[in-house]
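Down below is the structure, laid out as structure tokens.
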Amino acid sequence: MEDIEGYLRSASVVVRGKRKAVDSDVISVVETNELLRGKEGESTGLFAVNGGFAGGDATAVVSKVLRKHLLRQEGYEGSSTEGLGDALSAALLNTQQDIYEQWRVRGRLHGVHSCVLLLRDGKVLAANAGDGGAVICRADGVVGLLTEKKARLDVVEDVSVSSYGLDWEDEFIILGCHSFWAVMDPTRAVLMARTALRKYRDVKYAVQKLAVAAQMLNAPGNIAISLVLLNAPCAYGVQDEDCGGVGELSEKMNVSGLTSTLSETGSESSFMTTSSNDSKSRKSLFRRRAVVPKAPTVFVKRDRALVCSSRQTPSTSFEFLPSS
């Protein structure tokens with residue numbers, strides 16, 4: 001998957017909602033294994049959206065220690081999908097213990113809704129603890145749910161991890177906190193993001209567009225969203241008409257408990273023609289890219305740096321810029 005243009009490029013945004021304090025955060029980290037340079041599985045993407053409950057203490061704990069716990073797990077460095085899933089589950093449960101220690105020290109029982117994804121070697125592992133969630137936009141805009149609602153991370157007894165195989169023409173993934181999904185339908189969110197990506201080819205603008213929509217729908221709290229590209233040409237709508245069927249499609253892995261929510265419709269039924277690499281097609285593709293309009297500014301920066309990055313994403317807050 002690493003040879004696909006735009007794979008694991010991402011943008012995230014945290015928007016201050018009705019609450020005075022920002023209690024939501026995002027994690028966006030892409031790492032490269034130098035021992036696998038040039039091979040499948042060389043890149044690992046960790047993406048998480050955390051929404052606070054009753055305060056932001058638990059959110060801060062997850063943002064600080066989750067990745068550290070993950071890197072300490074034996075299964076994280078291995079090639080086994082099952083081992084990687086066990087590592088993610090163990091890391092979340094270890095983070096839960098740190099939240100309990102925070103309760104003991106500060107005496108404030110803050111909780112957190114956490115949705116975490118790991119992407120490696122053409123597979124996505126999804127863990128959800130709370131009312132947040134993640135959806136995938138497959139070929140031709142077909143929507144698939146990667147997670148379902150569970151108990152919050154601070155109260156859950158066990159964290160289950162589901163694994164999925166990615167198709168070459170899957171376009172992007174949206175992760176949203178509980179406040180975002182409280183007002184936004186998955187199909188509507190995917191359609192809105194896909195329209196923005198195809199018009200401006202700007203992942204930062206697309207994720208900001210989603211945040212504004214959630215604000216205008218009166219999201220009950222702060223809003224945290226991440227958008228992760230899987231295939232930029234497909235997401236931007238710039239692939240040639242004859243470039244479907246790019247190589248062998250990866251076989252879908254066994255999905256535990258979520259078979260009915262992940263759509264089985266993918267690129268297998270969308271494109272049946274062979275690849276065309278003639279110079280005319282390449283010139284046509286170049287011309288289409290040259291006329292992309294510049295995305296307008298949706299947010300005005302406030303307090304800290306803009307939360308839009310293709311690598312590690314810090315936390316911040318935004319103020320909505322009203323239209324004139």
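Every chain in the structure tokens has a letter given in the order shown (A, B, ...), and although residue numbers restart at 1 in each chain, ligands are simply numbered from 1 in the order shown.
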- Could you give me the residues within segment 39-250 of chain A that DSSP places in alpha helix (DSSP H), as an MDAnalysis selection string? chainID A and resid 57:72 81:106 178:183 186:200 203:216 232:236
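Nearest to Leu166 of chain A of all the residues A:Arg108, A:Lys209, A:Arg198, A:Lys123 is A:Lys123, counting only C-alpha atoms.
Those residues that approach Asn50 of chain A to within 8 Å, counting only C-alpha atoms, are Ser24, Asp25, Val26, Ala48, Gly52, Thr59, Val62, Ser63, Val112, His113, Ser114, Cys115, Gly132, Cys177 and Ala224 of chain A; same-chain residues fewer than 2 positions away are not listed.
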- Message: Taking only C-alpha atoms into account, name the residue in A:Tyr76, A:Tyr7, A:Phe180, A:Phe53 that is nearest to Ile225 of chain A.
- Response: A:Phe180
- Min atom-atom distance to Arg188 of chain A from the set A:Gly141, A:Pro233, A:Gly45, A:Gly111, counting only C-alpha atoms, belongs to A:Gly141
- Please measure the separation of atom CA of Ser226 of chain A and atom CA of Leu66 of chain A, giving the value in Å to one decimal.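 Going from atom CA of Ser226 of chain A over to atom CA of Leu66 of chain A covers 17.0 Å.
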- Quick one: of A:Val159, A:Leu175, A:Leu229, A:Ala235, who's nearest to Gly6 of chain A, counting only C-alpha atoms?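 Of all the options, A:Leu229 lies closest to Gly6 of chain A.
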- Message: Quick one: residues within 12 Å of Asp86 of chain A, only C-alpha atoms, excluding same-chain residues fewer than 3 positions away - as a list in words?
- Response: Leu70, Gln73, Glu74, Gly75, Tyr76, Glu77, Gly78, Ser80, Thr81, Glu82, Gly83, Ser89, Ala90, Ala91, Leu92, Leu93, Leu118, Leu125, Ala126, Ala127, Asp158, Val159, Ser160, Val161, Ser162 and Ser163 of chain A
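Atom CA of Val65 of chain A lies 25.9 Å from atom CA of Gly122 of chain A.
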